[in-house]
Every structure is written in C-alpha cells, then in structure tokens.
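Student: One structure is given below, represented as structure tokens, and several questions about it will come after.
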Amino acid sequence: MPHRVVVLALDGILPFELGIPQRIFGSARGQGPLDEGRALYETVTCSVRAPGPVRTDADFSILVERGPEALATADTVVIPTSYELGPVQEEGRLTGELTSAMARIRPGTRLVAICTGAYVLGAAGLLDGRPATTHWSSADHFQRLFPKVLVDPDVLFVDDGDVLTSAGVAAGIDLCLHLVRRDHGTAVANAVARSTVVPPHRDGGQAQYIRRPVPERGSAATTAARAWALGRLEQPILLRDLARQGSMSVRTFTRRFRDEVGVSPGQWITQQRVERARQLLECSDLSVDQVAREAGFGTATSLRQHVQAALGVSPTVYRRTFRATTAGR
C-alpha cells in the first residue's frame, strides 16, 4: 500500500500551503523495474470537525470531506499554517478540538509542520527538547512561547527523524521534497521537482529571505562563480579562484556569498559534493573510491566522513538502502 499522508486543514489555512503535500507527494511515482509509474503516496485531507467547510485566508472556503478520524490512519501527518490558531499561537495551548484530534494520531506516526503549523506541535509538547524551525518573522515569539524547543531560525527546514518542521510558505515544498528524497531517493525527488518546476534542492536557509538593506546598484553577484564551481566539483576549488570568477576580493566575495546563499563558500561546496555523491551512489555502479573522486572528496575516507555527517549513514549503507528500496518496490 502507498504511504498514507493525512493533511490537517485548520480554519484560516493558506490554500497554497494546503496544496503543497498533495502536489509533491501526489507526483511521486516509482521508477524501478517493478514499480515504474506506481503512486508512492496516498494523500488525503481532514479537519478537526465532522466533514464540512474550512475557512481559508482567501475569499473562499474549502469543503473537507474527512473528519479527524482520518488522523488515525496516517503514516505521516502534515499540519500546514493557519492564520486563526487563536490560543495555540497566543498562549501555547491546544483547543479542545485540536486536543481530541491530535490524540487520534498513532504512536510512531511521522509528524510534519509547515511554517507556523509548528505552533500546533509546540502546544502539544511534541517539540520539547527537539530542534525545530518556523517562519523567520515568528521565530522569536515561538521561542518565547516554547522555551524548551531548540529553535533554529536560519534554516529552510529541520529533520529530527519522526518530527519535521519547515520555515515559511514555500519552504514547505523544500521539506516535502526532502521527505520524498529520504523515502525513495534522489531520482524520484528530482522527477517530482521537474514536474512541479521547482529546484530539487535550494541552497542556504531563511537568512537569505530576511529583510536587509538593498545592495548598491550594479553590485556583483556570486551566481557565475557558483555555476563555475558546479562544473568542476571533482577538482580542487580554492576560495581565491571563486572570488576571481566574481571579479571580487576574497573578503568581499565571502561576504556577498553568505548574504546571497546563507552559508559560507566552503559549506556550500561541501553540500554540492555530498549531493553529487548521493546521485552517484544511487544511480551508478562506481566504487566508493570512484564516487569519492568524482564528487571531489578525493578519498573514500573523506567521502565517508562527509556523507556520515550530512546523512547520518555511511556511503555503503546509503547505497544499499536506496538500491534495496528501488529493487523491492
């Protein structure tokens, strides 16, 4: 059976965010010889009340056909943001309806919050002692309301295993694509991204979207340098060479790069090399030593260290997991 995703629609929901899980998970199709074209997820929507209308922040309501009992059938529950969270966002406590609805979720169910949907998980005590994020404009308030949560305001999403949270609005797309990638590998996630016409992976975090003074007219960007680096990941890439591509000093380039991307040039290069290694591990028969060279890590030892740090498993385990997933679906 497909993995069942249940989306909890609350009054005041943003229609855009409500549609993200259906669009991303609904587009995921098997690509292996035994399951090509098969739907990998079943996505349904429910409300906290009996079937009926749910208000949105737009000039229309939506008719939700399932009540909270659908939550008991979920493998993953997604809670998009709402502009009518009331005491959840004001006092950090669940309403009676939400308490009853959340109690229906089975232990071990994966929980996902998009944007300020994290307030629901916070009010339920499900984020205490755990890392999480939310929209950057709400991060300080969220931290004050839930002091036990380890809030990171500078990332697009946080994956803490069975509980995941995303930053504002479109970051929900990043998080859902990440889940598809985690569940079924890079090839499936990239196919979903292509069909949705979004990048399969965005660099940096929320820092790049926080209001800053407008750069001076005519100021240079780091786009050309990044494109140059992506074309030679397997080779040594020095900071001075990157700066030269942007016709800047190393100091200016480093500052501009962090402003535009959200991380340092070195961190970004490592991220791109890990992504290249993931693709090679999933889609090629290259040895680990060869993958290390092609991805720019040089040695298998360096590859293992970086993949372990980024993904939590060794290259061999990662390859075995996704090869087995593809063959067995």
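Chains: A, B, ... in order of the structure tokens. Residues: from 1 per chain. Ligands: from 1, in order shown.
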Set the distance at 7 Å and use only C-alpha atoms: which residues neighbour segment 112-129 of chain A once local chain neighbours fewer than 5 positions away are removed? I'd like the list as a short mmCIF file (atom, residue, chain, number, x, y, z; two decimals) with C-alpha atoms, in the first residue's frame.
Tutor:
data_model
loop_
_atom_site.label_atom_id
_atom_site.label_comp_id
_atom_site.auth_asym_id
_atom_site.auth_seq_id
_atom_site.Cartn_x
_atom_site.Cartn_y
_atom_site.Cartn_z
CA VAL A 77 0.56 13.81 9.38
CA VAL A 78 1.15 17.24 7.83
CA ILE A 79 -0.03 20.42 9.58
CA PRO A 80 0.10 23.50 7.32
CA THR A 81 -0.05 27.01 8.71
CA SER A 82 -3.22 28.83 9.72
CA VAL A 88 -2.41 27.86 20.14
CA GLN A 89 -0.35 30.80 18.92
CA GLY A 92 0.77 27.96 23.56
CA ARG A 93 -2.15 25.65 24.36
CA LEU A 94 -4.34 23.43 22.21
CA THR A 134 9.18 28.17 11.74
CA HIS A 135 8.76 31.33 9.69
CA PHE A 146 8.02 27.39 23.84
CA LYS A 148 12.08 24.11 25.72
CA VAL A 149 12.22 23.97 21.91
CA LEU A 150 15.62 24.34 20.21
CA VAL A 163 9.25 15.15 13.64
CA LEU A 164 10.00 17.68 10.90
CA THR A 165 9.31 21.42 10.68
CA SER A 166 9.74 23.95 7.89
CA ALA A 167 10.14 27.67 7.52
CA GLY A 168 7.54 29.85 5.84
CA VAL A 169 5.23 29.03 2.96
CA GLY A 172 7.05 23.51 2.77
#
Student: Give me the residues near Ala187 of chain A as a PyMOL selection string, where near means some atom within 12 Å (using only C-alpha atoms) and where sequence neighbours in that chain fewer than 3 positions away do not count.
Tutor: chain A and resi 28-32+177-178+180-184+190-194+200+275-276+278-284+322-323+326
Student: Could the residues in this selection be written to a file with N, CA and C atoms, as a short mmCIF file (atom, residue, chain, number, x, y, z; two decimals), in the first residue's frame?
Tutor:
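Final output, selection.cif:
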data_model
loop_
_atom_site.label_atom_id
_atom_site.label_comp_id
_atom_site.auth_asym_id
_atom_site.auth_seq_id
_atom_site.Cartn_x
_atom_site.Cartn_y
_atom_site.Cartn_z
N ALA A 28 4.83 11.85 -6.78
CA ALA A 28 5.91 10.86 -6.62
C ALA A 28 5.48 9.51 -7.20
N ARG A 29 6.25 9.03 -8.15
CA ARG A 29 5.97 7.76 -8.81
C ARG A 29 7.21 6.86 -8.78
N GLY A 30 6.97 5.57 -8.65
CA GLY A 30 8.06 4.62 -8.65
C GLY A 30 8.81 4.66 -9.97
N GLN A 31 10.12 4.40 -9.91
CA GLN A 31 10.94 4.43 -11.10
C GLN A 31 11.72 3.13 -11.29
N GLY A 32 11.52 2.17 -10.40
CA GLY A 32 12.23 0.90 -10.53
C GLY A 32 11.53 -0.02 -11.53
N LEU A 177 9.79 17.76 -0.54
CA LEU A 177 10.75 17.15 -1.47
C LEU A 177 11.82 16.39 -0.70
N HIS A 178 12.24 16.95 0.42
CA HIS A 178 13.23 16.26 1.26
C HIS A 178 12.69 14.92 1.74
N VAL A 180 10.40 13.06 0.26
CA VAL A 180 10.39 12.14 -0.88
C VAL A 180 11.80 11.61 -1.13
N ARG A 181 12.78 12.49 -1.05
CA ARG A 181 14.18 12.08 -1.24
C ARG A 181 14.60 11.10 -0.16
N ARG A 182 14.19 11.37 1.07
CA ARG A 182 14.56 10.49 2.18
C ARG A 182 13.89 9.13 2.05
N ASP A 183 12.65 9.13 1.60
CA ASP A 183 11.90 7.87 1.49
C ASP A 183 12.30 7.05 0.27
N HIS A 184 12.54 7.73 -0.86
CA HIS A 184 12.66 7.00 -2.13
C HIS A 184 13.88 7.37 -2.96
N ASN A 190 13.94 14.23 -7.67
CA ASN A 190 14.25 15.10 -8.81
C ASN A 190 13.14 15.06 -9.85
N ALA A 191 12.55 13.90 -10.06
CA ALA A 191 11.45 13.79 -11.02
C ALA A 191 10.25 14.61 -10.55
N VAL A 192 9.97 14.57 -9.25
CA VAL A 192 8.87 15.37 -8.70
C VAL A 192 9.18 16.86 -8.88
N ALA A 193 10.43 17.25 -8.59
CA ALA A 193 10.81 18.65 -8.73
C ALA A 193 10.68 19.12 -10.17
N ARG A 194 11.08 18.28 -11.11
CA ARG A 194 10.96 18.66 -12.52
C ARG A 194 9.49 18.84 -12.92
N PRO A 200 15.17 21.01 -7.14
CA PRO A 200 15.12 19.86 -6.24
C PRO A 200 15.75 20.12 -4.89
N GLU A 275 25.70 16.12 -2.46
CA GLU A 275 24.59 15.86 -3.37
C GLU A 275 25.06 15.09 -4.60
N ARG A 276 26.21 15.45 -5.14
CA ARG A 276 26.76 14.71 -6.27
C ARG A 276 27.05 13.26 -5.87
N ARG A 278 25.56 11.51 -3.55
CA ARG A 278 24.28 10.80 -3.40
C ARG A 278 23.78 10.30 -4.74
N GLN A 279 23.84 11.17 -5.74
CA GLN A 279 23.36 10.78 -7.06
C GLN A 279 24.18 9.62 -7.63
N LEU A 280 25.49 9.68 -7.44
CA LEU A 280 26.34 8.62 -7.97
C LEU A 280 26.14 7.31 -7.21
N LEU A 281 25.93 7.40 -5.91
CA LEU A 281 25.71 6.19 -5.12
C LEU A 281 24.40 5.53 -5.50
N GLU A 282 23.39 6.33 -5.82
CA GLU A 282 22.08 5.77 -6.17
C GLU A 282 22.01 5.27 -7.61
N CYS A 283 22.64 6.00 -8.51
CA CYS A 283 22.38 5.78 -9.94
C CYS A 283 23.56 5.24 -10.73
N SER A 284 24.68 4.94 -10.09
CA SER A 284 25.82 4.41 -10.82
C SER A 284 26.38 3.18 -10.10
N PHE A 322 19.02 2.58 -0.72
CA PHE A 322 18.24 3.03 -1.85
C PHE A 322 18.24 2.05 -3.00
N ARG A 323 19.30 1.26 -3.15
CA ARG A 323 19.26 0.20 -4.15
C ARG A 323 18.20 -0.84 -3.76
N THR A 326 14.68 0.59 -4.35
CA THR A 326 14.30 0.59 -5.76
C THR A 326 13.96 -0.80 -6.26
#
Student: Let's see if you can do this: from backbone DSSP, list all helix (DSSP H, G or I) residues in segment 25-160 of chain A, as a PyMOL selection string.
Tutor: chain A and resi 25-26+68-73+87-90+96-102+115-123+136-145
Student: Report as a PyMOL selection string all protein, DNA and RNA residues lying within 9 Å of Thr301 of chain A, evaluated on only C-alpha atoms, omitting residues in the same chain fewer than 5 positions from it.
Tutor: chain A and resi 289+292+306
Student: Go ahead and save the picked residues with C-alpha atoms, as a PDB file, in the first residue's frame.
Tutor:
ATOM      1  CA  ASP A 289      36.664   5.253  -4.183  1.00  0.00           C
ATOM      2  CA  ALA A 292      34.823   9.995  -3.815  1.00  0.00           C
ATOM      3  CA  HIS A 306      31.176  13.986   4.920  1.00  0.00           C
TER       4      HIS A 306
END
Student: My list of candidates is A:Met248, A:Ala170, A:Leu156, A:Ala101. Which is closest to Gly19 of chain A when distances are computed with only C-alpha atoms?
Tutor: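 Among A:Met248, A:Ala170, A:Leu156, A:Ala101, it is A:Ala170 that comes nearest to Gly19 of chain A.
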Student: Between atom CA of Val44 of chain A and atom CA of Gly161 of chain A, what is the distance in Å, rounded to a tenth?
Tutor: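 That distance, rounded to one decimal, is 22.2 Å.
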